[in-house]
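These notes are about the structure you will find just below.
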Amino acid sequence: MAGNTTAALVAEAVGCASATQFNREYRRTYGLPPAQDASRLRGPLTGRGRG
């Protein structure tokens with residue numbers, strides 16, 4: 001969330017086989033795709049975003 005990283009890099013860092021798997025599991029767990037959730041969480045920090 002702190003930087004401009006990609007789902008592929010995060011997927012690798014957490015041990016997922018692919019960005020697709022990471023996205024699917026993240027959405028299943030948290031209810032939003034990771035990019036949308038990161039944007040939502042960044043909103044209060046940057047004064048942008050919705051949430």
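We name chains A, B, ... following the order of the structure tokens; residues begin at 1 in each chain, and ligands are numbered from 1 as shown.
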For A:Thr20, list every protein, DNA or RNA residue within 10 Å, evaluated using only C-alpha atoms, and leave out those in the same chain fewer than 6 positions away; present the list as an NGL selection string. :A and (7-8 or 11 or 26)
Excluding A:Asn4 and its own-chain neighbours fewer than 3 positions away, which residues fall within 12 Å of it when counting only C-alpha atoms? Please give them as a PyMOL selection string. chain A and resi 1+7-10+35+38-39+42
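A straight line drawn from atom CA of A:Val14 to atom CA of A:Gly43 is 24.3 Å long.
Atom CA of A:Arg24 lies 19.0 Å from atom CA of A:Leu41.
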Among stretch 4-42 of chain A, which residues carry a DSSP assignment of helix (DSSP H, G or I), reported as a VMD selection string? chain A and resid 7 to 14 19 to 30 34 to 42
Deliver the residues from the most recent selection as a file, using N, CA and C atoms, as a compact mmCIF listing (two decimals), in the first residue's frame.
```txt
# COMPACT_ATOMS: atom_id res chain seq x y z
N ALA A 7 0.49 -6.40 -8.37
CA ALA A 7 -0.05 -7.63 -7.79
C ALA A 7 0.92 -8.79 -8.00
N ALA A 8 1.63 -8.79 -9.12
CA ALA A 8 2.58 -9.87 -9.39
C ALA A 8 3.71 -9.88 -8.36
N LEU A 9 4.22 -8.70 -8.00
CA LEU A 9 5.29 -8.63 -7.00
C LEU A 9 4.78 -9.03 -5.62
N VAL A 10 3.59 -8.59 -5.28
CA VAL A 10 3.02 -8.97 -3.99
C VAL A 10 2.73 -10.47 -3.96
N ALA A 11 2.19 -10.99 -5.06
CA ALA A 11 1.90 -12.42 -5.14
C ALA A 11 3.16 -13.24 -4.88
N GLU A 12 4.25 -12.85 -5.52
CA GLU A 12 5.52 -13.55 -5.32
C GLU A 12 5.98 -13.44 -3.88
N ALA A 13 5.86 -12.25 -3.31
CA ALA A 13 6.31 -12.01 -1.94
C ALA A 13 5.56 -12.84 -0.91
N VAL A 14 4.28 -13.10 -1.16
CA VAL A 14 3.48 -13.87 -0.20
C VAL A 14 3.37 -15.34 -0.55
N ALA A 19 -0.17 -13.91 -10.06
CA ALA A 19 -0.95 -12.72 -9.68
C ALA A 19 -2.43 -13.02 -9.72
N THR A 20 -2.85 -13.87 -10.66
CA THR A 20 -4.27 -14.25 -10.76
C THR A 20 -4.72 -14.96 -9.49
N GLN A 21 -3.92 -15.89 -9.02
CA GLN A 21 -4.25 -16.60 -7.78
C GLN A 21 -4.32 -15.62 -6.61
N PHE A 22 -3.34 -14.73 -6.52
CA PHE A 22 -3.32 -13.73 -5.45
C PHE A 22 -4.58 -12.87 -5.48
N ASN A 23 -4.92 -12.36 -6.66
CA ASN A 23 -6.12 -11.52 -6.79
C ASN A 23 -7.37 -12.27 -6.36
N ARG A 24 -7.50 -13.50 -6.82
CA ARG A 24 -8.68 -14.31 -6.48
C ARG A 24 -8.77 -14.53 -4.97
N GLU A 25 -7.66 -14.93 -4.35
CA GLU A 25 -7.68 -15.22 -2.92
C GLU A 25 -7.85 -13.94 -2.09
N TYR A 26 -7.26 -12.85 -2.53
CA TYR A 26 -7.41 -11.57 -1.82
C TYR A 26 -8.87 -11.13 -1.85
N ARG A 27 -9.46 -11.19 -3.03
CA ARG A 27 -10.87 -10.79 -3.16
C ARG A 27 -11.77 -11.68 -2.31
N ARG A 28 -11.51 -12.95 -2.30
CA ARG A 28 -12.30 -13.89 -1.50
C ARG A 28 -12.18 -13.56 -0.02
N THR A 29 -11.00 -13.20 0.43
CA THR A 29 -10.76 -12.93 1.84
C THR A 29 -11.26 -11.56 2.28
N TYR A 30 -10.99 -10.51 1.46
CA TYR A 30 -11.26 -9.15 1.88
C TYR A 30 -12.44 -8.48 1.19
N PRO A 34 -7.33 -6.41 -4.82
CA PRO A 34 -6.27 -5.69 -4.11
C PRO A 34 -6.06 -4.25 -4.59
N ALA A 35 -6.12 -3.98 -5.88
CA ALA A 35 -5.90 -2.61 -6.36
C ALA A 35 -6.99 -1.67 -5.85
N GLN A 36 -8.23 -2.12 -5.87
CA GLN A 36 -9.33 -1.28 -5.40
C GLN A 36 -9.22 -1.07 -3.89
N ASP A 37 -8.85 -2.10 -3.17
CA ASP A 37 -8.71 -1.98 -1.72
C ASP A 37 -7.56 -1.04 -1.37
N ALA A 38 -6.44 -1.15 -2.08
CA ALA A 38 -5.30 -0.27 -1.83
C ALA A 38 -5.68 1.18 -2.10
N SER A 39 -6.40 1.41 -3.17
CA SER A 39 -6.85 2.77 -3.50
C SER A 39 -7.76 3.31 -2.40
N ARG A 40 -8.65 2.47 -1.93
CA ARG A 40 -9.57 2.87 -0.86
C ARG A 40 -8.79 3.21 0.41
N LEU A 41 -7.78 2.40 0.72
CA LEU A 41 -7.00 2.63 1.94
C LEU A 41 -6.07 3.82 1.82
N ARG A 42 -5.58 4.10 0.62
CA ARG A 42 -4.72 5.26 0.40
C ARG A 42 -5.50 6.56 0.49
```
